[in-house]
$ cat run-v3.cif   # mmCIF, C-alpha atoms
data_final
loop_
_atom_site.label_atom_id
_atom_site.label_comp_id
_atom_site.auth_asym_id
_atom_site.auth_seq_id
_atom_site.Cartn_x
_atom_site.Cartn_y
_atom_site.Cartn_z
CA MET A 1 3.62 10.31 13.34
CA LYS A 2 6.15 9.17 15.88
CA ALA A 3 6.60 5.62 17.11
CA LEU A 4 4.21 4.72 19.92
CA PRO A 5 5.51 5.28 23.44
CA LEU A 6 5.64 1.91 25.14
CA GLU A 7 2.96 2.04 27.83
CA PRO A 8 2.36 -1.22 29.66
CA ASP A 9 -1.36 -1.39 28.79
CA LEU A 10 -0.58 -0.81 25.14
CA GLY A 11 2.16 -3.41 25.11
CA VAL A 12 -0.10 -5.99 26.72
CA GLU A 13 -2.90 -5.20 24.29
CA ILE A 14 -0.61 -5.68 21.29
CA VAL A 15 0.67 -9.01 22.63
CA GLU A 16 -2.87 -10.19 23.31
CA ILE A 17 -3.93 -9.35 19.77
CA GLY A 18 -0.89 -11.24 18.51
CA HIS A 19 -1.99 -14.23 20.58
CA ALA A 20 -5.47 -14.01 19.07
CA MET A 21 -3.98 -13.86 15.58
CA ASN A 22 -1.95 -16.96 16.34
CA LEU A 23 -5.04 -18.79 17.59
CA ALA A 24 -6.86 -17.72 14.43
CA GLY A 25 -4.32 -19.72 12.43
CA LEU A 26 -2.43 -16.84 10.85
CA PRO A 27 1.18 -17.69 9.93
CA LYS A 28 3.55 -17.25 12.86
CA GLU A 29 5.98 -15.20 10.84
CA PHE A 30 3.19 -12.81 9.92
CA VAL A 31 1.98 -12.53 13.52
CA ALA A 32 5.48 -11.88 14.85
CA SER A 33 6.10 -9.16 12.25
CA ALA A 34 2.70 -7.56 12.83
CA VAL A 35 3.25 -7.40 16.58
CA HIS A 36 6.77 -6.03 16.15
CA MET A 37 5.54 -3.31 13.81
CA ALA A 38 2.57 -2.42 16.00
CA PHE A 39 5.03 -1.48 18.75
CA GLU A 40 6.74 0.91 16.38
CA PHE A 41 4.06 2.27 14.04
CA GLU A 42 0.79 3.73 15.20
CA GLY A 43 -0.80 2.95 11.83
CA VAL A 44 -0.03 -0.76 12.21
CA TYR A 45 -1.34 -0.69 15.77
CA ASP A 46 -4.56 0.77 14.33
CA LEU A 47 -4.77 -2.06 11.79
CA ILE A 48 -4.25 -4.88 14.28
CA LYS A 49 -6.75 -3.27 16.63
CA LEU A 50 -9.28 -3.08 13.79
CA TRP A 51 -8.60 -6.76 13.11
CA ALA A 52 -9.19 -7.66 16.76
CA GLU A 53 -12.48 -5.76 16.83
CA GLU A 54 -13.75 -7.00 13.47
CA GLN A 55 -16.31 -9.79 13.30
CA ASP A 56 -16.76 -10.03 9.54
CA PRO A 57 -14.33 -12.67 8.16
CA ILE A 58 -14.04 -10.93 4.79
CA GLU A 59 -13.15 -7.64 6.42
CA ARG A 60 -10.64 -9.46 8.61
CA GLU A 61 -8.98 -10.89 5.51
CA GLU A 62 -8.68 -7.41 4.04
CA LEU A 63 -7.03 -6.24 7.26
CA VAL A 64 -4.56 -9.13 7.08
CA ILE A 65 -3.70 -8.09 3.52
CA ASP A 66 -3.16 -4.50 4.64
CA ILE A 67 -0.96 -5.53 7.58
CA GLN A 68 1.14 -7.74 5.30
CA GLU A 69 1.55 -4.76 2.96
CA MET A 70 2.90 -2.73 5.84
CA ILE A 71 5.27 -5.56 6.79
CA ASP A 72 6.51 -5.65 3.20
CA ASP A 73 6.91 -1.86 3.13
CA TYR A 74 9.02 -2.00 6.26
CA SER A 75 11.11 -4.96 5.13
CA GLU A 76 11.97 -3.65 1.69
CA ASN A 77 15.56 -2.56 1.43
CA ASN A 78 14.84 0.86 0.11
CA LEU A 79 17.31 1.94 -2.49
CA SER A 80 19.39 4.99 -1.81
CA THR A 81 18.92 6.01 -5.43
CA PRO A 82 15.46 6.44 -6.93
CA ILE A 83 14.01 4.23 -9.65
CA TYR A 84 12.65 6.64 -12.19
CA VAL A 85 9.80 5.38 -14.33
CA ARG A 86 8.70 7.17 -17.47
CA PHE A 87 4.98 7.80 -17.63
CA ASP A 88 4.90 6.65 -21.26
CA ASP A 89 6.26 3.26 -20.18
CA LEU A 90 3.53 2.58 -17.62
CA ASP A 91 1.19 0.63 -19.89
CA THR A 92 4.05 -1.63 -20.99
CA ILE A 93 5.13 -2.03 -17.38
CA ALA A 94 1.61 -3.01 -16.35
CA LYS A 95 1.44 -5.65 -19.11
CA ASN A 96 4.85 -7.03 -18.12
CA ILE A 97 3.85 -7.25 -14.49
CA ARG A 98 0.69 -9.08 -15.45
CA ALA A 99 2.59 -11.53 -17.68
CA PHE A 100 5.15 -12.20 -14.96
CA LYS A 101 2.50 -12.84 -12.33
CA ASP A 102 0.58 -15.17 -14.65
CA GLN A 103 3.73 -17.19 -15.30
CA LEU A 104 4.59 -17.33 -11.63
CA ARG A 105 1.05 -18.40 -10.82
CA ILE A 106 1.44 -21.39 -13.13
CA ILE A 107 4.52 -22.44 -11.16
CA VAL A 108 2.72 -21.89 -7.86
CA ASP A 109 -0.21 -24.04 -8.99
CA GLN A 110 2.14 -26.76 -10.19
CA LYS A 111 3.81 -26.83 -6.79
CA GLY A 112 0.70 -27.13 -4.67
CA GLY A 113 -1.29 -23.93 -5.00
CA ILE A 114 -1.70 -20.74 -3.00
CA LYS A 115 -2.70 -22.39 0.27
CA HIS A 116 0.39 -24.59 0.24
CA LEU A 117 2.55 -21.60 -0.67
CA SER A 118 1.11 -19.69 2.27
CA GLU A 119 2.05 -22.52 4.64
CA LEU A 120 5.57 -22.69 3.25
CA SER A 121 6.27 -18.97 2.95
CA GLY A 122 4.54 -17.55 6.01
CA VAL A 123 2.69 -15.05 3.82
CA PRO A 124 -1.04 -15.06 4.57
CA GLN A 125 -3.20 -16.62 1.89
CA PRO A 126 -5.29 -13.47 1.30
CA SER A 127 -2.09 -11.51 0.61
CA LEU A 128 -0.92 -14.05 -1.94
CA SER A 129 -4.31 -14.04 -3.66
CA ARG A 130 -4.19 -10.25 -3.84
CA LEU A 131 -0.65 -10.41 -5.23
CA PHE A 132 -1.73 -12.56 -8.15
CA ASN A 133 -4.98 -10.71 -8.83
CA SER A 134 -3.58 -7.18 -8.84
CA SER A 135 -1.43 -5.27 -11.29
CA THR A 136 0.87 -3.80 -8.68
CA MET A 137 4.60 -4.43 -8.73
CA PRO A 138 5.46 -7.48 -6.63
CA ARG A 139 7.60 -6.67 -3.62
CA ARG A 140 11.11 -8.00 -3.53
CA ASN A 141 10.54 -9.27 -0.01
CA THR A 142 7.50 -11.27 -1.09
CA LEU A 143 9.23 -12.65 -4.19
CA ASN A 144 12.12 -13.81 -2.02
CA LYS A 145 9.73 -15.60 0.31
CA ILE A 146 8.04 -17.27 -2.65
CA ARG A 147 11.41 -18.19 -4.13
CA HIS A 148 12.60 -19.80 -0.91
CA ALA A 149 9.28 -21.55 -0.33
CA LEU A 150 9.13 -23.08 -3.79
CA LYS A 151 12.87 -23.62 -4.00
CA LEU A 152 13.13 -21.58 -7.16
CA ASN A 153 16.62 -20.47 -7.86
CA GLN A 154 17.43 -16.81 -8.33
CA VAL A 155 17.99 -17.33 -12.04
CA GLN A 156 14.56 -18.90 -12.52
CA LEU A 157 12.79 -16.05 -10.81
CA SER A 158 14.95 -13.36 -12.37
CA THR A 159 14.38 -14.84 -15.80
CA GLN A 160 10.62 -14.77 -15.28
CA TRP A 161 10.79 -11.22 -13.97
CA SER A 162 13.04 -9.97 -16.72
CA HIS A 163 10.65 -11.41 -19.32
CA MET B 164 7.59 22.59 -4.25
CA GLU B 165 8.45 19.31 -5.96
CA ILE B 166 5.88 16.53 -6.35
CA ILE B 167 7.43 13.19 -5.53
CA VAL B 168 5.84 9.99 -6.90
CA THR B 169 6.47 7.08 -4.53
CA ALA B 170 6.30 3.42 -5.50
CA TRP B 171 3.03 3.32 -3.52
CA ALA B 172 1.52 6.02 -5.70
CA LEU B 173 2.77 4.27 -8.82
CA ASP B 174 1.36 0.92 -7.70
CA SER B 175 -2.02 2.43 -6.98
CA TYR B 176 -2.03 4.14 -10.39
CA LEU B 177 -1.26 0.83 -12.10
CA ASP B 178 -3.90 -1.03 -10.12
CA LEU B 179 -6.67 1.54 -10.47
CA LYS B 180 -6.01 2.00 -14.18
CA HIS B 181 -5.98 -1.78 -14.70
CA ARG B 182 -9.37 -1.99 -12.99
CA GLY B 183 -10.76 0.69 -15.28
CA THR B 184 -11.34 3.04 -12.37
CA PHE B 185 -10.34 5.98 -14.52
CA THR B 186 -9.36 6.40 -18.13
CA ALA B 187 -6.24 7.93 -19.62
CA ASN B 188 -8.40 10.92 -20.48
CA ASP B 189 -9.57 11.28 -16.85
CA TYR B 190 -5.95 11.22 -15.78
CA ASN B 191 -4.65 13.66 -18.36
CA GLN B 192 -7.54 16.12 -18.24
CA ILE B 193 -8.49 16.08 -14.56
CA ILE B 194 -6.24 14.19 -12.15
CA ARG B 195 -2.82 15.22 -13.36
CA PRO B 196 -3.61 18.95 -13.74
CA ASP B 197 -5.07 18.95 -10.23
CA VAL B 198 -2.04 17.24 -8.71
CA LEU B 199 0.26 19.68 -10.50
CA LYS B 200 -1.37 22.46 -8.48
CA LEU B 201 0.80 21.26 -5.61
CA LYS B 202 3.68 23.07 -7.28
CA ARG B 203 1.93 26.31 -6.30
CA TYR B 204 0.85 25.11 -2.84
CA PRO B 205 -0.67 26.81 -0.91
CA ASN B 206 -1.26 29.66 -3.34
CA ASP B 207 -3.69 27.97 -5.70
CA PRO B 208 -7.29 28.86 -4.65
CA SER B 209 -8.28 25.20 -5.05
CA PHE B 210 -6.58 24.47 -1.72
CA LEU B 211 -9.18 26.58 0.04
CA ASN B 212 -11.90 24.24 -1.18
CA GLY B 213 -12.56 21.59 1.45
CA LYS B 214 -14.15 19.32 -1.13
CA PHE B 215 -10.88 19.22 -3.03
CA TRP B 216 -8.24 19.41 -0.30
CA SER B 217 -8.46 18.62 3.39
CA PRO B 218 -6.40 17.21 6.25
CA ALA B 219 -6.52 13.45 6.57
CA THR B 220 -8.31 12.58 9.80
CA ASP B 221 -8.88 9.40 11.69
CA LEU B 222 -10.71 8.71 14.94
CA GLY B 223 -7.96 10.58 16.77
CA GLY B 224 -8.47 13.73 14.70
CA PRO B 225 -6.31 15.32 11.97
CA ILE B 226 -3.12 13.43 11.22
CA PRO B 227 -0.24 15.95 11.29
CA GLY B 228 1.30 16.52 7.88
CA ASP B 229 -1.26 14.36 6.13
CA PHE B 230 -3.64 15.68 3.53
CA LYS B 231 -5.98 14.25 0.93
CA MET B 232 -6.71 15.44 -2.56
CA LYS B 233 -10.24 14.50 -3.51
CA TRP B 234 -12.20 13.91 -6.72
CA HIS B 235 -15.94 13.38 -6.59
CA ASN B 236 -17.98 11.55 -9.20
CA LEU B 237 -14.96 11.00 -11.41
CA GLY B 238 -15.31 9.28 -14.75
CA TYR B 239 -18.24 7.33 -16.09
CA ARG B 240 -18.39 5.25 -12.91
CA LEU B 241 -18.74 8.41 -10.80
CA ILE B 242 -16.15 7.22 -8.30
CA GLN B 243 -14.83 9.06 -5.25
CA LEU B 244 -11.07 9.06 -5.68
CA ARG B 245 -8.73 10.00 -2.85
CA LEU B 246 -5.00 10.65 -2.96
CA PRO B 247 -3.21 10.90 0.41
CA ILE B 248 -0.25 13.26 0.29
CA GLY B 249 2.48 13.84 2.84
CA MET B 250 3.35 17.51 2.92
CA PHE B 251 6.97 18.15 3.81
CA SER B 252 9.34 20.48 2.01
CA ASN B 253 8.03 18.59 -1.00
CA ALA B 254 4.68 16.93 -1.64
CA VAL B 255 5.00 13.16 -1.43
CA LEU B 256 2.24 11.22 -3.18
CA CYS B 257 1.12 8.02 -1.48
CA HIS B 258 -1.36 5.35 -2.52
CA ALA B 259 -4.55 6.53 -4.19
CA TYR B 260 -7.80 4.70 -3.51
CA VAL B 261 -11.48 4.73 -4.25
CA LYS B 262 -13.53 5.68 -1.23
CA THR B 263 -16.21 3.09 -0.51
CA ASP B 264 -17.22 2.77 3.12
CA SER B 265 -16.00 3.98 6.51
CA LYS B 266 -14.20 0.72 7.39
CA PHE B 267 -12.21 0.85 4.16
CA GLU B 268 -11.39 4.51 4.80
CA GLN B 269 -10.09 3.68 8.29
CA ARG B 270 -7.78 1.05 6.84
CA GLN B 271 -6.44 3.40 4.19
CA LEU B 272 -5.71 6.08 6.77
CA ALA B 273 -3.93 3.57 9.00
CA LYS B 274 -1.76 2.58 6.05
CA PHE B 275 -1.14 6.23 5.24
CA LYS B 276 0.00 6.92 8.82
CA THR B 277 2.46 4.05 8.60
CA ARG B 278 3.79 5.13 5.22
CA LEU B 279 4.14 8.70 6.37
CA GLU B 280 6.38 7.51 9.19
CA LEU B 281 8.39 5.47 6.70
CA ILE B 282 8.74 8.57 4.52
CA ARG B 283 10.00 10.56 7.51
CA ARG B 284 12.60 7.82 8.04
CA GLY B 285 13.59 7.92 4.37
CA GLN B 286 12.35 4.34 3.93
CA TYR B 287 10.52 4.65 0.65
CA THR B 288 11.22 4.32 -3.03
CA GLU B 289 10.90 7.35 -5.25
CA CYS B 290 9.78 6.54 -8.79
CA GLY B 291 9.82 10.02 -10.25
CA ARG B 292 8.70 13.58 -9.94
CA LEU B 293 5.65 15.06 -11.58
CA ILE B 294 6.68 17.84 -13.91
#

$ encode --input "run-v3.cif" --output "structure tokens"
Amino acid sequence: MKALPLEPDLGVEIVEIGHAMNLAGLPKEFVASAVHMAFEFEGVYDLIKLWAEEQDPIEREELVIDIQEMIDDYSENNLSTPIYVRFDDLDTIAKNIRAFKDQLRIIVDQKGGIKHLSELSGVPQPSLSRLFNSSTMPRRNTLNKIRHALKLNQVQLSTQWSH
Amino acid sequence: MEIIVTAWALDSYLDLKHRGTFTANDYNQIIRPDVLKLKRYPNDPSFLNGKFWSPATDLGGPIPGDFKMKWHNLGYRLIQLRLPIGMFSNAVLCHAYVKTDSKFEQRQLAKFKTRLELIRRGQYTECGRLI
């Protein structure tokens, strides 16, 4: 799927949705990234359009989470060499991810909670909640934002992650 | 044809397994053997079955290069599992999900479109190959 051709109507529509997102109180960093990506990826345009048309606040939150995922996908510095994971290690990996997230959540709660972290990091609150409730691998981009927001040094975070 | 496991596919496997969406037995006896059929694509007769394999479509119609592998009434929860796959010279597995309603499906397809573009640009992490 190629990047969207920049037609004036489309460009204006994307900017208007970005404005609506800003008025809705979504973090500015998130809105800027979402708008930027919508110009380049039809799938992200679809997501922000769904958000604009959606009335249900819960569904809107889910769309915000999905858009943030796409932002994270785009921002990740993809490695030129693959990271091979053995299937037999997956259960151990899942447990380690869970343990790491639980430890990080303790730090987050000590430093003001998820809402405060969202304000500091620019990551939408629903995305942070999903991060801590799921068993997926945390994105490097998101961890860096959390690290900067909470003023954790690289060693602190790396130590938690390596454990 | 090689079957490439992306970080998205791996994440979805971890998440769905953690939620008890399918068991290790479901994976080993049903899901994995089905996905391995991609090595013989398109020559396995399963690919002629629209209930098992079909183009991914959104409101604009079929998404070029995008397909879905489908499992119906899987496991004791009888879930509808979907695995979007980008078909290039190799099969690239993206994020699996449980189909619930049409809004959720639209969101998954929008994410798949974005990830497919990232794959075309080489902006993805490979976590292994299914052998």

$ resolve_selection --input "run-v3.cif" --expression "the PyMOL selection byres ((chain B and resi 168) around 7)" --output "tab-separated table (two decimals) with C-alpha atoms, in the coordinates of the input"
chain	number	residue	atom	x	y	z
B	166	ILE	CA	5.88	16.53	-6.35
B	167	ILE	CA	7.43	13.19	-5.53
B	169	THR	CA	6.47	7.08	-4.53
B	170	ALA	CA	6.30	3.42	-5.50
B	172	ALA	CA	1.52	6.02	-5.70
B	173	LEU	CA	2.77	4.27	-8.82
B	255	VAL	CA	5.00	13.16	-1.43
B	256	LEU	CA	2.24	11.22	-3.18
B	289	GLU	CA	10.90	7.35	-5.25
B	290	CYS	CA	9.78	6.54	-8.79
B	291	GLY	CA	9.82	10.02	-10.25
B	292	ARG	CA	8.70	13.58	-9.94
B	293	LEU	CA	5.65	15.06	-11.58

$ closest_atom_pairs --input "run-v3.cif" --of "chain A" --to "chain B" --cutoff "10 Å" --atoms "all atoms listed in the file" --output "CSV"
residue,atom,partner,partner_atom,distance
A:Met1,CA,B:Glu280,CA,5.7
A:Lys2,CA,B:Glu280,CA,6.9
A:Ala3,CA,B:Glu280,CA,8.1
A:Met37,CA,B:Thr277,CA,9.5
A:Ala38,CA,B:Thr277,CA,9.8
A:Glu40,CA,B:Thr277,CA,9.4
A:Phe41,CA,B:Thr277,CA,5.9
A:Glu42,CA,B:Thr277,CA,6.8
A:Gly43,CA,B:Ala273,CA,4.3
A:Val44,CA,B:Thr277,CA,6.5
A:Tyr45,CA,B:Ala273,CA,8.4
A:Asp46,CA,B:Ala273,CA,6.1
A:Leu47,CA,B:Ala273,CA,6.3
A:Ile48,CA,B:Ala273,CA,10.0
A:Leu50,CA,B:Arg270,CA,8.2
A:Glu54,CA,B:Lys266,CA,9.8
A:Glu59,CA,B:Lys266,CA,8.5
A:Glu62,CA,B:Arg270,CA,9.0
A:Leu63,CA,B:Arg270,CA,7.3
A:Asp66,CA,B:Lys274,CA,7.4
A:Ile67,CA,B:Lys274,CA,8.3
A:Glu69,CA,B:Lys274,CA,8.6
A:Met70,CA,B:Lys274,CA,7.1
A:Asp73,CA,B:Tyr287,CA,7.8
A:Tyr74,CA,B:Leu281,CA,7.5
A:Ser75,CA,B:Gln286,CA,9.5
A:Glu76,CA,B:Gln286,CA,8.3
A:Asn77,CA,B:Gln286,CA,8.0
A:Asn78,CA,B:Gln286,CA,5.7
A:Leu79,CA,B:Thr288,CA,6.6
A:Ser80,CA,B:Thr288,CA,8.3
A:Thr81,CA,B:Glu289,CA,8.1
A:Pro82,CA,B:Glu289,CA,4.9
A:Ile83,CA,B:Cys290,CA,4.9
A:Tyr84,CA,B:Cys290,CA,4.5
A:Val85,CA,B:Cys290,CA,5.7
A:Arg86,CA,B:Gly291,CA,7.8
A:Phe87,CA,B:Gly291,CA,9.1
A:Leu90,CA,B:Leu177,CA,7.5
A:Asp91,CA,B:Leu177,CA,8.2
A:Ile93,CA,B:Leu177,CA,8.8
A:Ala94,CA,B:Leu177,CA,6.4
A:Lys95,CA,B:His181,CA,9.5
A:Ile97,CA,B:Leu177,CA,9.9
A:Arg98,CA,B:His181,CA,9.9
A:Asn133,CA,B:Asp178,CA,9.8
A:Ser134,CA,B:Asp178,CA,6.3
A:Ser135,CA,B:Asp178,CA,5.0
A:Thr136,CA,B:Asp174,CA,4.8
A:Met137,CA,B:Asp174,CA,6.3
A:Pro138,CA,B:Asp174,CA,9.4

$ write_last_selection --input "run-v3.cif" --atoms "C-alpha atoms" --output "CSV table (one decimal), in the coordinates of the input"
chain,number,residue,atom,x,y,z
A,1,MET,CA,3.6,10.3,13.3
A,2,LYS,CA,6.2,9.2,15.9
A,3,ALA,CA,6.6,5.6,17.1
A,37,MET,CA,5.5,-3.3,13.8
A,38,ALA,CA,2.6,-2.4,16.0
A,40,GLU,CA,6.7,0.9,16.4
A,41,PHE,CA,4.1,2.3,14.0
A,42,GLU,CA,0.8,3.7,15.2
A,43,GLY,CA,-0.8,3.0,11.8
A,44,VAL,CA,0.0,-0.8,12.2
A,45,TYR,CA,-1.3,-0.7,15.8
A,46,ASP,CA,-4.6,0.8,14.3
A,47,LEU,CA,-4.8,-2.1,11.8
A,48,ILE,CA,-4.2,-4.9,14.3
A,50,LEU,CA,-9.3,-3.1,13.8
A,54,GLU,CA,-13.8,-7.0,13.5
A,59,GLU,CA,-13.2,-7.6,6.4
A,62,GLU,CA,-8.7,-7.4,4.0
A,63,LEU,CA,-7.0,-6.2,7.3
A,66,ASP,CA,-3.2,-4.5,4.6
A,67,ILE,CA,-1.0,-5.5,7.6
A,69,GLU,CA,1.6,-4.8,3.0
A,70,MET,CA,2.9,-2.7,5.8
A,73,ASP,CA,6.9,-1.9,3.1
A,74,TYR,CA,9.0,-2.0,6.3
A,75,SER,CA,11.1,-5.0,5.1
A,76,GLU,CA,12.0,-3.6,1.7
A,77,ASN,CA,15.6,-2.6,1.4
A,78,ASN,CA,14.8,0.9,0.1
A,79,LEU,CA,17.3,1.9,-2.5
A,80,SER,CA,19.4,5.0,-1.8
A,81,THR,CA,18.9,6.0,-5.4
A,82,PRO,CA,15.5,6.4,-6.9
A,83,ILE,CA,14.0,4.2,-9.6
A,84,TYR,CA,12.6,6.6,-12.2
A,85,VAL,CA,9.8,5.4,-14.3
A,86,ARG,CA,8.7,7.2,-17.5
A,87,PHE,CA,5.0,7.8,-17.6
A,90,LEU,CA,3.5,2.6,-17.6
A,91,ASP,CA,1.2,0.6,-19.9
A,93,ILE,CA,5.1,-2.0,-17.4
A,94,ALA,CA,1.6,-3.0,-16.4
A,95,LYS,CA,1.4,-5.6,-19.1
A,97,ILE,CA,3.8,-7.2,-14.5
A,98,ARG,CA,0.7,-9.1,-15.4
A,133,ASN,CA,-5.0,-10.7,-8.8
A,134,SER,CA,-3.6,-7.2,-8.8
A,135,SER,CA,-1.4,-5.3,-11.3
A,136,THR,CA,0.9,-3.8,-8.7
A,137,MET,CA,4.6,-4.4,-8.7
A,138,PRO,CA,5.5,-7.5,-6.6

$ residues_around --input "run-v3.cif" --residues "Tyr204 (chain B)" --least-positions-apart "6" --cutoff "10 Å" --atoms "all atoms listed in the file" --output "VMD selection string"
chain B and resid 164 210 250 253 to 254

$ closest_residue --input "run-v3.cif" --among "B:Lys202, B:Arg284, B:Lys262, B:Lys231" --to "Pro247 (chain B)" --atoms "only C-alpha atoms"
B:Lys231

$ resolve_selection --input "run-v3.cif" --expression "the PyMOL selection byres ((chain B and resi 246) around 9)" --output "tab-separated table (two decimals) with C-alpha atoms, keeping the file's coordinate frame"
chain	number	residue	atom	x	y	z
B	172	ALA	CA	1.52	6.02	-5.70
B	230	PHE	CA	-3.64	15.68	3.53
B	231	LYS	CA	-5.98	14.25	0.93
B	232	MET	CA	-6.71	15.44	-2.56
B	233	LYS	CA	-10.24	14.50	-3.51
B	234	TRP	CA	-12.20	13.91	-6.72
B	244	LEU	CA	-11.07	9.06	-5.68
B	245	ARG	CA	-8.73	10.00	-2.85
B	247	PRO	CA	-3.21	10.90	0.41
B	248	ILE	CA	-0.25	13.26	0.29
B	256	LEU	CA	2.24	11.22	-3.18
B	257	CYS	CA	1.12	8.02	-1.48
B	258	HIS	CA	-1.36	5.35	-2.52
B	259	ALA	CA	-4.55	6.53	-4.19
B	260	TYR	CA	-7.80	4.70	-3.51
B	261	VAL	CA	-11.48	4.73	-4.25

$ atom_distance --input "run-v3.cif" --atom1 "CA of Phe215 (chain B)" --atom2 "CA of Ile242 (chain B)"
14.1 Å

$ decode --input "run-v3.cif" --residues "region 199-227 of chain B" --atoms "C-alpha atoms" --output "tab-separated table (two decimals), in the first residue's frame"
chain	number	residue	atom	x	y	z
B	199	LEU	CA	3.32	-24.38	7.86
B	200	LYS	CA	1.15	-24.99	4.79
B	201	LEU	CA	2.45	-21.63	3.57
B	202	LYS	CA	5.66	-23.43	2.65
B	203	ARG	CA	3.67	-25.12	-0.12
B	204	TYR	CA	1.68	-22.01	-1.10
B	205	PRO	CA	-0.35	-21.97	-3.30
B	206	ASN	CA	-0.27	-25.70	-3.91
B	207	ASP	CA	-1.92	-26.90	-0.72
B	208	PRO	CA	-5.68	-27.43	-1.38
B	209	SER	CA	-6.47	-25.60	1.88
B	210	PHE	CA	-5.76	-22.32	0.11
B	211	LEU	CA	-8.78	-22.89	-2.11
B	212	ASN	CA	-11.02	-22.87	0.95
B	213	GLY	CA	-12.35	-19.37	1.52
B	214	LYS	CA	-13.13	-20.17	5.14
B	215	PHE	CA	-9.46	-20.85	5.76
B	216	TRP	CA	-7.69	-18.39	3.46
B	217	SER	CA	-8.92	-15.19	1.87
B	218	PRO	CA	-7.72	-11.73	0.84
B	219	ALA	CA	-7.88	-9.13	3.57
B	220	THR	CA	-10.49	-6.55	2.62
B	221	ASP	CA	-11.53	-3.25	4.03
B	222	LEU	CA	-14.18	-0.77	2.94
B	223	GLY	CA	-12.08	-0.02	-0.14
B	224	GLY	CA	-12.03	-3.68	-1.21
B	225	PRO	CA	-9.21	-6.26	-1.19
B	226	ILE	CA	-5.91	-4.95	0.13
B	227	PRO	CA	-3.21	-5.91	-2.40
